[in-house]
file coords-v1.cif (mmCIF, C-alpha atoms)
data_input
loop_
_atom_site.group_PDB
_atom_site.id
_atom_site.type_symbol
_atom_site.label_atom_id
_atom_site.label_comp_id
_atom_site.auth_asym_id
_atom_site.auth_seq_id
_atom_site.Cartn_x
_atom_site.Cartn_y
_atom_site.Cartn_z
ATOM 1 C CA MET A 14 -23.145 40.691 -27.557
ATOM 2 C CA TYR A 15 -23.822 37.747 -25.234
ATOM 3 C CA GLN A 16 -24.018 35.323 -28.160
ATOM 4 C CA LYS A 17 -20.669 36.551 -29.525
ATOM 5 C CA HIS A 18 -19.082 36.132 -26.086
ATOM 6 C CA SER A 19 -20.527 32.607 -25.901
ATOM 7 C CA LYS A 20 -19.015 31.697 -29.304
ATOM 8 C CA VAL A 21 -15.598 33.004 -28.281
ATOM 9 C CA ASN A 22 -15.822 31.144 -24.988
ATOM 10 C CA HIS A 23 -16.803 27.942 -26.813
ATOM 11 C CA ALA A 24 -13.884 28.338 -29.244
ATOM 12 C CA LEU A 25 -11.463 28.879 -26.362
ATOM 13 C CA HIS A 26 -12.716 25.734 -24.644
ATOM 14 C CA ARG A 27 -12.235 23.758 -27.862
ATOM 15 C CA VAL A 28 -8.641 25.026 -28.187
ATOM 16 C CA GLN A 29 -8.029 24.252 -24.524
ATOM 17 C CA GLY A 30 -9.346 20.724 -25.073
ATOM 18 C CA ARG A 31 -7.053 20.250 -28.064
ATOM 19 C CA PHE A 32 -4.008 21.327 -26.016
ATOM 20 C CA PHE A 33 -5.024 18.913 -23.288
ATOM 21 C CA GLN A 34 -5.376 16.027 -25.764
ATOM 22 C CA ALA A 35 -2.055 16.891 -27.409
ATOM 23 C CA ALA A 36 -0.313 16.912 -24.031
ATOM 24 C CA MET A 37 -1.802 13.526 -23.147
ATOM 25 C CA TRP A 38 -0.701 12.015 -26.491
ATOM 26 C CA ALA A 39 2.767 13.510 -26.081
ATOM 27 C CA GLU A 40 3.030 11.866 -22.647
ATOM 28 C CA ILE A 41 2.184 8.500 -24.210
ATOM 29 C CA VAL A 42 4.793 8.965 -26.952
ATOM 30 C CA ILE A 43 7.440 9.977 -24.407
ATOM 31 C CA ALA A 44 6.533 6.970 -22.247
ATOM 32 C CA ALA A 45 7.129 4.758 -25.295
ATOM 33 C CA PHE A 46 10.546 6.390 -25.860
ATOM 34 C CA ILE A 47 11.460 5.860 -22.200
ATOM 35 C CA PHE A 48 10.384 2.237 -22.435
ATOM 36 C CA ALA A 49 12.491 1.749 -25.574
ATOM 37 C CA ALA A 50 15.500 3.411 -23.914
ATOM 38 C CA VAL A 51 15.184 1.181 -20.846
ATOM 39 C CA ILE A 52 14.923 -1.933 -23.036
ATOM 40 C CA PHE A 53 17.993 -0.750 -24.966
ATOM 41 C CA GLN A 54 19.922 -0.267 -21.713
ATOM 42 C CA VAL A 55 18.913 -3.700 -20.409
ATOM 43 C CA VAL A 56 19.953 -5.389 -23.647
ATOM 44 C CA ASN A 57 23.307 -3.592 -23.582
ATOM 45 C CA LEU A 58 24.046 -4.486 -19.960
ATOM 46 C CA ARG A 59 25.531 -7.778 -21.064
ATOM 47 C CA THR A 60 28.096 -6.089 -23.277
ATOM 48 C CA HIS A 61 29.506 -4.050 -20.356
ATOM 49 C CA LEU A 62 28.934 -0.550 -21.580
ATOM 50 C CA PRO A 63 31.692 2.036 -21.206
ATOM 51 C CA LYS A 64 31.624 4.281 -18.141
ATOM 52 C CA ASP A 65 30.160 7.289 -19.958
ATOM 53 C CA ALA A 66 27.026 5.314 -20.976
ATOM 54 C CA HIS A 67 25.556 5.737 -17.494
ATOM 55 C CA SER A 68 26.031 9.502 -17.566
ATOM 56 C CA GLN A 69 24.468 9.655 -21.038
ATOM 57 C CA PHE A 70 21.464 7.672 -19.799
ATOM 58 C CA VAL A 71 21.062 9.935 -16.737
ATOM 59 C CA GLU A 72 21.224 12.982 -19.028
ATOM 60 C CA PHE A 73 18.586 11.408 -21.279
ATOM 61 C CA ILE A 74 16.307 10.743 -18.273
ATOM 62 C CA GLN A 75 16.801 14.339 -17.072
ATOM 63 C CA ILE A 76 15.756 15.742 -20.461
ATOM 64 C CA VAL A 77 12.747 13.417 -20.678
ATOM 65 C CA LEU A 78 11.607 14.328 -17.156
ATOM 66 C CA ASP A 79 11.932 18.027 -18.018
ATOM 67 C CA ILE A 80 9.709 17.484 -21.051
ATOM 68 C CA LEU A 81 7.194 15.519 -18.985
ATOM 69 C CA MET A 82 7.093 18.296 -16.391
ATOM 70 C CA CYS A 83 6.355 20.799 -19.150
ATOM 71 C CA LEU A 84 3.547 18.584 -20.457
ATOM 72 C CA GLU A 85 2.083 18.296 -16.960
ATOM 73 C CA LEU A 86 2.282 22.077 -16.695
ATOM 74 C CA ILE A 87 0.304 22.374 -19.939
ATOM 75 C CA THR A 88 -2.229 19.913 -18.526
ATOM 76 C CA MET A 89 -2.455 21.972 -15.343
ATOM 77 C CA LEU A 90 -3.100 25.134 -17.323
ATOM 78 C CA CYS A 91 -5.853 23.394 -19.316
ATOM 79 C CA ARG A 92 -7.657 21.664 -16.473
ATOM 80 C CA HIS A 93 -7.597 24.310 -13.709
ATOM 81 C CA ASP A 94 -7.964 21.859 -10.842
ATOM 82 C CA MET A 95 -6.052 20.959 -7.708
ATOM 83 C CA ASP A 96 -5.226 17.438 -8.957
ATOM 84 C CA SER A 97 -3.071 18.756 -11.780
ATOM 85 C CA ILE A 98 -1.260 21.227 -9.508
ATOM 86 C CA ILE A 99 -0.317 18.450 -7.098
ATOM 87 C CA GLU A 100 0.758 16.247 -10.033
ATOM 88 C CA VAL A 101 3.126 18.949 -11.310
ATOM 89 C CA MET A 102 4.627 19.303 -7.847
ATOM 90 C CA ILE A 103 4.991 15.512 -7.538
ATOM 91 C CA PHE A 104 6.772 15.412 -10.919
ATOM 92 C CA ALA A 105 9.130 18.215 -9.837
ATOM 93 C CA VAL A 106 10.097 16.525 -6.565
ATOM 94 C CA THR A 107 10.407 13.123 -8.238
ATOM 95 C CA LYS A 108 12.638 14.550 -10.973
ATOM 96 C CA ASN A 109 14.873 16.069 -8.330
ATOM 97 C CA LEU A 110 15.079 12.762 -6.463
ATOM 98 C CA LEU A 111 15.814 10.698 -9.582
ATOM 99 C CA VAL A 112 18.283 12.930 -11.358
ATOM 100 C CA SER A 113 20.249 14.745 -8.696
ATOM 101 C CA HIS A 114 22.733 12.773 -6.681
ATOM 102 C CA GLU A 115 22.671 14.778 -3.486
ATOM 103 C CA SER A 116 23.394 13.962 0.132
ATOM 104 C CA SER A 117 21.308 11.523 2.121
ATOM 105 C CA VAL A 118 19.719 14.367 4.080
ATOM 106 C CA ASN A 119 18.505 16.054 0.879
ATOM 107 C CA MET A 120 17.174 12.734 -0.398
ATOM 108 C CA LEU A 121 15.330 12.202 2.886
ATOM 109 C CA LEU A 122 13.833 15.696 2.675
ATOM 110 C CA GLY A 123 12.737 14.986 -0.895
ATOM 111 C CA VAL A 124 11.070 11.730 0.138
ATOM 112 C CA ILE A 125 9.325 13.536 3.019
ATOM 113 C CA ALA A 126 8.133 16.253 0.601
ATOM 114 C CA LEU A 127 6.837 13.586 -1.775
ATOM 115 C CA ALA A 128 5.023 11.823 1.082
ATOM 116 C CA MET A 129 3.491 15.150 2.150
ATOM 117 C CA LEU A 130 2.265 15.820 -1.400
ATOM 118 C CA PHE A 131 0.647 12.392 -1.571
ATOM 119 C CA GLY A 132 -0.883 12.972 1.864
ATOM 120 C CA ILE A 133 -2.266 16.338 0.781
ATOM 121 C CA ARG A 134 -3.655 14.760 -2.346
ATOM 122 C CA LYS A 135 -5.334 11.945 -0.430
ATOM 123 C CA TYR A 136 -6.600 13.667 2.721
ATOM 124 C CA LEU A 137 -6.844 17.438 2.297
ATOM 125 C CA PHE A 138 -8.898 17.955 -0.837
ATOM 126 C CA LEU A 139 -11.498 16.259 -2.958
ATOM 127 C CA SER A 140 -10.853 15.393 -6.577
ATOM 128 C CA ALA A 141 -13.217 16.628 -9.274
ATOM 129 C CA ASN A 142 -14.953 13.225 -9.363
ATOM 130 C CA GLU A 143 -15.442 13.238 -5.592
ATOM 131 C CA VAL A 144 -16.859 16.775 -5.682
ATOM 132 C CA GLU A 145 -19.353 15.730 -8.389
ATOM 133 C CA ALA A 146 -20.355 12.615 -6.429
ATOM 134 C CA HIS A 147 -20.810 14.708 -3.270
ATOM 135 C CA LYS A 148 -22.908 17.238 -5.180
ATOM 136 C CA GLN A 149 -25.128 14.465 -6.569
ATOM 137 C CA HIS A 150 -25.510 13.041 -3.068
ATOM 138 C CA LEU A 151 -26.572 16.436 -1.713
ATOM 139 C CA ASP A 152 -29.039 16.856 -4.586
ATOM 140 C CA PHE A 153 -30.493 13.434 -3.803
ATOM 141 C CA ILE A 154 -30.884 14.365 -0.118
ATOM 142 C CA GLN A 155 -32.564 17.642 -1.094
ATOM 143 C CA GLN A 156 -34.986 15.801 -3.391
ATOM 144 C CA ASP A 157 -35.793 13.374 -0.569
ATOM 145 C CA ARG A 158 -36.548 16.300 1.777
ATOM 146 C CA ASP A 159 -38.763 17.962 -0.817
ATOM 147 C CA ASP A 160 -40.855 14.785 -1.193
#

call {"tool": "encode", "arguments": {"input": "coords-v1.cif", "output": "structure tokens"}}
result
Amino acid sequence: MYQKHSKVNHALHRVQGRFFQAAMWAEIVIAAFIFAAVIFQVVNLRTHLPKDAHSQFVEFIQIVLDILMCLELITMLCRHDMDSIIEVMIFAVTKNLLVSHESSVNMLLGVIALAMLFGIRKYLFLSANEVEAHKQHLDFIQQDRDD
């Protein structure tokens, strides 16, 4: 029974890893599309685009940011750590700041929320790498005490 559970658990971890890799590759592909769209917009600036070109570009950016938020959500579901949760929240606030054209007060509140998220990320929790380094440090101290 235990061996069967272990095989299922291993298979689930493999599938989870594949989703994570697919999400990362999709982010790279979308970044390439964004880069191409920005280059296209810069090249066409000299030809004085019609007025609706700006609204089309903003709509394109909104759709791309929605897709990126979904990919970050997939990453969050695969990794199960606090870093990915904060990243999803940062993407959501950033999308709102970039796409919506709200009042100055709402923009200020969005910037404050973004600053708070970065502050939480930096000062209120340890990343997975920092936790591992801390654990290794504690193990080293314990070994030193045992000797």

call {"tool": "closest_residue", "arguments": {"input": "coords-v1.cif", "among": "A:His114, A:Lys108, A:Lys20, A:Arg92", "to": "Phe33 (chain A)", "atoms": "all atoms listed in the file"}}
result
A:Arg92

call {"tool": "residues_near_point", "arguments": {"input": "coords-v1.cif", "point": "(6.2, 18.5, -8.7)", "cutoff": "12 Å", "atoms": "all atoms listed in the file", "output": "VMD selection string"}}
result
chain A and resid 78 to 79 81 to 83 85 to 86 89 96 to 110 123 126 to 131

call {"tool": "write_last_selection", "arguments": {"input": "coords-v1.cif", "atoms": "C-alpha atoms", "output": "short mmCIF file (atom, residue, chain, number, x, y, z; two decimals), in the coordinates of the input"}}
result
data_model
loop_
_atom_site.label_atom_id
_atom_site.label_comp_id
_atom_site.auth_asym_id
_atom_site.auth_seq_id
_atom_site.Cartn_x
_atom_site.Cartn_y
_atom_site.Cartn_z
CA LEU A 78 11.61 14.33 -17.16
CA ASP A 79 11.93 18.03 -18.02
CA LEU A 81 7.19 15.52 -18.98
CA MET A 82 7.09 18.30 -16.39
CA CYS A 83 6.36 20.80 -19.15
CA GLU A 85 2.08 18.30 -16.96
CA LEU A 86 2.28 22.08 -16.70
CA MET A 89 -2.46 21.97 -15.34
CA ASP A 96 -5.23 17.44 -8.96
CA SER A 97 -3.07 18.76 -11.78
CA ILE A 98 -1.26 21.23 -9.51
CA ILE A 99 -0.32 18.45 -7.10
CA GLU A 100 0.76 16.25 -10.03
CA VAL A 101 3.13 18.95 -11.31
CA MET A 102 4.63 19.30 -7.85
CA ILE A 103 4.99 15.51 -7.54
CA PHE A 104 6.77 15.41 -10.92
CA ALA A 105 9.13 18.22 -9.84
CA VAL A 106 10.10 16.52 -6.56
CA THR A 107 10.41 13.12 -8.24
CA LYS A 108 12.64 14.55 -10.97
CA ASN A 109 14.87 16.07 -8.33
CA LEU A 110 15.08 12.76 -6.46
CA GLY A 123 12.74 14.99 -0.90
CA ALA A 126 8.13 16.25 0.60
CA LEU A 127 6.84 13.59 -1.78
CA ALA A 128 5.02 11.82 1.08
CA MET A 129 3.49 15.15 2.15
CA LEU A 130 2.26 15.82 -1.40
CA PHE A 131 0.65 12.39 -1.57
#

call {"tool": "closest_residue", "arguments": {"input": "coords-v1.cif", "among": "A:Ala146, A:Ile76, A:Cys91, A:Val71", "to": "Val28 (chain A)", "atoms": "only C-alpha atoms"}}
result
A:Cys91

call {"tool": "closest_residue", "arguments": {"input": "coords-v1.cif", "among": "A:Met95, A:Asn22, A:His147, A:Gln34", "to": "Lys135 (chain A)", "atoms": "only C-alpha atoms"}}
result
A:Met95

call {"tool": "resolve_selection", "arguments": {"input": "coords-v1.cif", "expression": "the PyMOL selection byres ((chain A and resi 73) around 12)", "output": "list in words"}}
result
Ile43, Phe46, Ile47, Ala50, Val51, Gln54, Ala66, His67, Ser68, Gln69, Phe70, Val71, Glu72, Ile74, Gln75, Ile76, Val77, Leu78, Asp79, Ile80 and Val112 of chain A

call {"tool": "atom_distance", "arguments": {"input": "coords-v1.cif", "atom1": "CA of Trp38 (chain A)", "atom2": "CA of Ile87 (chain A)"}}
result
12.3 Å

call {"tool": "atom_distance", "arguments": {"input": "coords-v1.cif", "atom1": "CA of Glu40 (chain A)", "atom2": "CA of Thr88 (chain A)"}}
result
10.5 Å

call {"tool": "atom_distance", "arguments": {"input": "coords-v1.cif", "atom1": "CA of Ala39 (chain A)", "atom2": "CA of Leu84 (chain A)"}}
result
7.6 Å
